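Worksheet: one structure, shown below.
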Amino acid sequence: MTAADTEIDSLLGRKWRKPPMIRRRWLRWAIGLGFVAYLIAAFATIEVNWSRVYEGLDRGGAFVMAFTSPDFTSRGSDIWAGMLESVVMTVAASVVGILISIPIALGAARNIAPLPVYMICRGIIAVSRALQEIIVAILLVAIFGFGPLAGFLTLSFATIGFLSKLLAEDIESMSRAQGEAVRATGSRWAQWINYGVQPQVMPRLIGLSIYRVDINFRESAILGLVGAGGIGATLNTAFDRYEYDTAAAILIIIIAVVMALEYISGIVRARVQ
Amino acid sequence: MLRLDKLTKTYKTGDQALKAVELEIPQGQVVALIGPSGAGKSTLIRCINRLVEPTSGKVWLGDTELTELGAGALRRERRRMGMIFQEYALVERLTVMENVLSGRLGYVGFWRSLTRRFPQKDVDEAFRLLDRVGLVHMADKRADELSGGQRQRVGICRALIQDPALLLVDEPTASLDPKTSRQIMRLICELCAERGLAAIINIHDVALAQMFVARVIGLRAGAVEFDGPPDALTPDVLTTIYGEEDWVATIDKVEDEEDTLDPEAVA
């Protein structure tokens with residue numbers, strides 16, 4: 001009998017289980033129990049003032065009920081002006097943001113850019129993503145004053161972080177051979193990007209761009225709350241005046257527009273494959 | 001026409017893919033490069049057009065030394081070296097015509113290529129080549145709609161429209177069925193003969209190589225182990241290249257039956 005035979009004999013008839021993700025039994029239990037204990041402790045620290053909740057229910061109810069009688073007319077011109085401002089902000093910020101994102105995405109793809117360029121572009125992306133839109137908007141409102149200019153700049157800035165990062169990742173995962181084949185013909189760098197890289201990432205670029213337009217429109221509704229213009233400013237005013245029916249009308253419009261954009265983007269993305 | 005002088009490639013990992021390879025290929029000669037996976041076949045042909053940078057050594061294409069060239073000069077020399085790839089490496093979302101015309105990128109300016117306004121003689125030549133390989137009716141199809149054999153023929157057109165002096169061919173038949181493989185090999189060799197092109201063809205299929213080429217080079221662990229006519233590939237030689245195995249069946253003379261390229265049959 002050889003060593004291999006004895007090994008297989010001892011294995012036969014034995015139960016088989018998938019090896020656990022964490023090998024050490026005590027560590028596995030410690031992590032599991034620790035997490036549950038933390039969860040219980042965390043929930044225990046959240047204070048709930050039940051009498052305040054009871055009072056608030058009325059106000060919440062009024063807000064929800066306003067959706068049954070949304071008022072599109074009495075502040076109609078304000079709503080219209082706010083919407084128009086939001087759309088202008090969204091379109092302008094998306095176009096500018098996307099145009100700036102593309103070169104940064106090329107620079108942030110390790111398979112295309114040399115290390116120094118890569119570091120700089122990744123740095124720009126990191127800064128853009130680290131600063132939340134609201135914080136940027138507050139800063140820019142402080143600099144440029146109330147109005148859509150601050151909103152436009154905020155959204156452009158946020159678009160760069162979002163689009164560059166995701167596009168760069170798509171470029172990094174492209175087929176190397178297709179790019180190599182174009183390079184082997186003696187093409188220039190720009191021709192290589194145009195023939196070898198662009199066709200591979202175009203569907204992703206279009207999909208992300210439309211998605212970003214959608215996000216920018218929703219964000220433009222938030223940015224108004226900190227004074228950066230758009231439909232959000234109108235919404236904020238409606239809340240301040242306790243005009244819940246007008247607020248409901250604005251929210252319904254926002255939801256409708258976002259759903260329409262979602263629908264369009266679905267169609268476009270299916271087409272560009 | 002092509003001369004490699006002590007060409008060496010050491011990867012960052014420390015793997016020595018090529019060990020001072022010396023090689024000379026005269027005008028118009030088609031050479032098959034055989035050897036086990038990892039022997040450095042792909043590295044060798046990629047070091048010639050510098051898709052992979054050689055660590056040391058020289059590459060002479062005619063009177064030009066390639067390893068020292070700057071970016072612009074290298075681009076101009078790359079136009080003289082057509083490359084055909086394993087798995088075709090067509091840009092899948094471009095049309096067949098765009099893929100073929102991309103072989104002219106080294107000759108046309110950026111704006112012309114961006115707007116796809118290639119000179120008429122390039123477009124004519126593209127149609128002529130597509131007609132030669134039996135794919136002229138596919139010109140406006142997207143490359144990913146084609147079958148494997150068709151894609152490789154587009155790849156051949158892309159290499160030839162460069163008007164090269166040398167073809168670098170990397171496993172042209174790796175993912176093709178036996179009949180299509182023969183057709184592709186035959187097509188490459190016929191076109192090389194028509195145009196007086198030299199070619200280096202990396203290939204795994206020893207019998208297929210013997211069928212079509214005049215000279216075989218065996219590479220093993222980055223060094224030339226064999227260099228001679230296909231008839232000289234004896235079982236002993238194959239053992240020195242690949243290692244111990246029963247080689248008799250592999251090199252049994254395969255009679256080349258008459259399956260000339262028939263575009264309808266494989267379309």
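The way I read the labels, and the way they are meant: chains A, B, ... in the order of the structure tokens, residue 1 as the first residue of every chain, and ligand 1 as the first ligand shown, with later ones counted on from there.
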Residues of region 48-243 of chain B in strand (DSSP E or B), written as a PyMOL selection string: chain B and resi 56-61+64-65+81-84+95+142+166-170+198-202+215-220+223-228
Just to be explicit: take each residue in the selection above, keep C-alpha atoms, and write the result as a PDB file, in the first residue's frame.
```
ATOM      1  CA  SER B  56      19.146  44.981 -24.687  1.00  0.00           C
ATOM      2  CA  GLY B  57      20.305  43.984 -28.134  1.00  0.00           C
ATOM      3  CA  LYS B  58      19.583  45.384 -31.559  1.00  0.00           C
ATOM      4  CA  VAL B  59      16.868  44.949 -34.154  1.00  0.00           C
ATOM      5  CA  TRP B  60      17.731  45.879 -37.727  1.00  0.00           C
ATOM      6  CA  LEU B  61      14.930  46.318 -40.237  1.00  0.00           C
ATOM      7  CA  THR B  64      17.321  51.031 -39.655  1.00  0.00           C
ATOM      8  CA  GLU B  65      18.059  50.071 -36.081  1.00  0.00           C
ATOM      9  CA  MET B  81       5.739  45.958 -39.998  1.00  0.00           C
ATOM     10  CA  GLY B  82       2.230  44.585 -40.293  1.00  0.00           C
ATOM     11  CA  MET B  83       1.040  42.583 -37.323  1.00  0.00           C
ATOM     12  CA  ILE B  84      -1.558  39.836 -37.222  1.00  0.00           C
ATOM     13  CA  THR B  95     -16.846  48.344 -38.807  1.00  0.00           C
ATOM     14  CA  ARG B 142     -19.422  45.621 -37.367  1.00  0.00           C
ATOM     15  CA  LEU B 166       7.556  42.363 -42.889  1.00  0.00           C
ATOM     16  CA  LEU B 167       4.624  40.595 -41.288  1.00  0.00           C
ATOM     17  CA  LEU B 168       4.681  39.724 -37.596  1.00  0.00           C
ATOM     18  CA  VAL B 169       2.110  37.025 -37.049  1.00  0.00           C
ATOM     19  CA  ASP B 170       1.204  35.902 -33.536  1.00  0.00           C
ATOM     20  CA  ALA B 198       9.025  38.357 -45.138  1.00  0.00           C
ATOM     21  CA  ALA B 199       7.036  36.970 -42.227  1.00  0.00           C
ATOM     22  CA  ILE B 200       7.560  35.518 -38.776  1.00  0.00           C
ATOM     23  CA  ILE B 201       4.661  33.304 -37.795  1.00  0.00           C
ATOM     24  CA  ASN B 202       4.316  32.135 -34.200  1.00  0.00           C
ATOM     25  CA  ARG B 215      12.084  27.607 -42.566  1.00  0.00           C
ATOM     26  CA  VAL B 216      11.309  26.712 -38.979  1.00  0.00           C
ATOM     27  CA  ILE B 217      12.857  28.215 -35.881  1.00  0.00           C
ATOM     28  CA  GLY B 218      12.433  26.419 -32.579  1.00  0.00           C
ATOM     29  CA  LEU B 219      12.547  28.522 -29.450  1.00  0.00           C
ATOM     30  CA  ARG B 220      13.012  27.065 -26.018  1.00  0.00           C
ATOM     31  CA  ALA B 223      16.929  30.735 -26.857  1.00  0.00           C
ATOM     32  CA  VAL B 224      17.008  29.461 -30.442  1.00  0.00           C
ATOM     33  CA  GLU B 225      17.146  25.669 -30.216  1.00  0.00           C
ATOM     34  CA  PHE B 226      16.565  24.785 -33.851  1.00  0.00           C
ATOM     35  CA  ASP B 227      16.832  26.617 -37.153  1.00  0.00           C
ATOM     36  CA  GLY B 228      16.333  24.727 -40.368  1.00  0.00           C
TER      37      GLY B 228
END
```
Restrict the distance test to only C-alpha atoms, flag each residue of chain B within 7 Å of chain A, and return the flagged residues as a count of residues only. 17
Mind checking DSSP for region 43-190 of chain A and telling me the alpha helix (DSSP H) residues as number ranges by chain? A: 43-45, 50-66, 76-107, 115-130, 133-144, 148-172, 176-183, 189-190
If we count only C-alpha atoms, what is near region 248-256 of chain A at a cut-off of 12 Å, once residues fewer than 2 positions away on the same chain are taken out, given as a tab-separated table (two decimals) with C-alpha atoms, in the first residue's frame?
```tsv
chain	number	residue	atom	x	y	z
A	62	ALA	CA	-50.51	67.48	6.64
A	63	PHE	CA	-47.46	67.19	4.41
A	64	VAL	CA	-48.47	63.79	3.11
A	65	MET	CA	-52.09	64.87	2.63
A	66	ALA	CA	-50.90	67.83	0.56
A	67	PHE	CA	-49.97	65.32	-2.13
A	68	THR	CA	-53.67	64.65	-2.64
A	69	SER	CA	-54.22	68.31	-3.50
A	70	PRO	CA	-50.96	69.57	-5.05
A	71	ASP	CA	-51.12	73.22	-5.97
A	72	PHE	CA	-49.44	73.82	-9.32
A	73	THR	CA	-51.08	77.18	-10.00
A	74	SER	CA	-50.85	79.72	-7.18
A	75	ARG	CA	-47.03	79.77	-7.33
A	76	GLY	CA	-47.01	78.61	-10.95
A	77	SER	CA	-44.63	81.25	-12.28
A	78	ASP	CA	-42.17	80.63	-9.42
A	79	ILE	CA	-42.24	76.92	-10.09
A	80	TRP	CA	-41.75	77.47	-13.81
A	81	ALA	CA	-38.83	79.85	-13.26
A	82	GLY	CA	-37.24	77.45	-10.75
A	83	MET	CA	-37.61	74.49	-13.10
A	86	SER	CA	-32.68	73.81	-12.71
A	87	VAL	CA	-32.74	72.54	-16.27
A	214	ASP	CA	-30.26	62.45	-14.10
A	215	ILE	CA	-28.22	62.82	-10.89
A	216	ASN	CA	-27.44	66.47	-11.62
A	217	PHE	CA	-31.11	67.27	-11.98
A	218	ARG	CA	-31.92	65.65	-8.64
A	219	GLU	CA	-28.96	67.38	-6.99
A	220	SER	CA	-30.12	70.73	-8.37
A	221	ALA	CA	-33.26	70.30	-6.27
A	222	ILE	CA	-31.13	69.87	-3.14
A	230	GLY	CA	-32.79	76.12	-9.17
A	231	ILE	CA	-36.07	74.42	-8.28
A	232	GLY	CA	-34.64	73.67	-4.82
A	233	ALA	CA	-34.78	77.37	-3.98
A	234	THR	CA	-38.49	77.42	-4.88
A	235	LEU	CA	-39.04	74.24	-2.86
A	236	ASN	CA	-37.24	75.75	0.13
A	237	THR	CA	-39.39	78.87	0.00
A	238	ALA	CA	-42.54	76.76	-0.11
A	239	PHE	CA	-41.46	74.85	3.00
A	242	TYR	CA	-45.68	76.05	5.20
A	243	GLU	CA	-47.18	75.86	1.69
A	244	TYR	CA	-47.13	72.09	1.64
A	245	ASP	CA	-49.45	71.87	-1.38
A	246	THR	CA	-47.02	73.90	-3.48
A	258	VAL	CA	-36.43	62.01	-12.93
A	259	MET	CA	-38.62	59.11	-14.05
A	260	ALA	CA	-38.70	60.44	-17.61
A	261	LEU	CA	-34.90	60.77	-17.62
A	262	GLU	CA	-34.59	57.26	-16.21
A	263	TYR	CA	-36.79	55.92	-18.99
```
Could you tell me how far CA of Val31 (chain B) sits from CA of Thr10 (chain B), in Å to one decimal place?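 If I compute the distance from CA of Thr10 (chain B) to CA of Val31 (chain B), I get 24.2 Å.
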As an exercise, work out the distance from CA of Lys12 (chain B) to CA of Thr43 (chain B) in Å and give it to one decimal place.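 Between CA of Lys12 (chain B) and CA of Thr43 (chain B) the gap is 13.6 Å.
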Exercise: Phe144 (chain A) partners within 10 Å, only C-alpha atoms, chain neighbours under 6 positions left out, as a PDB file with C-alpha atoms, in the first residue's frame:
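part-v3.pdb, written as the output of this step:
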```
ATOM      1  CA  ALA A 150     -22.865  78.529  -7.610  1.00  0.00           C
ATOM      2  CA  GLY A 151     -25.132  75.563  -8.404  1.00  0.00           C
ATOM      3  CA  LEU A 153     -20.147  75.187 -10.628  1.00  0.00           C
ATOM      4  CA  ALA A 228     -27.454  77.691  -5.029  1.00  0.00           C
TER       5      ALA A 228
END
```
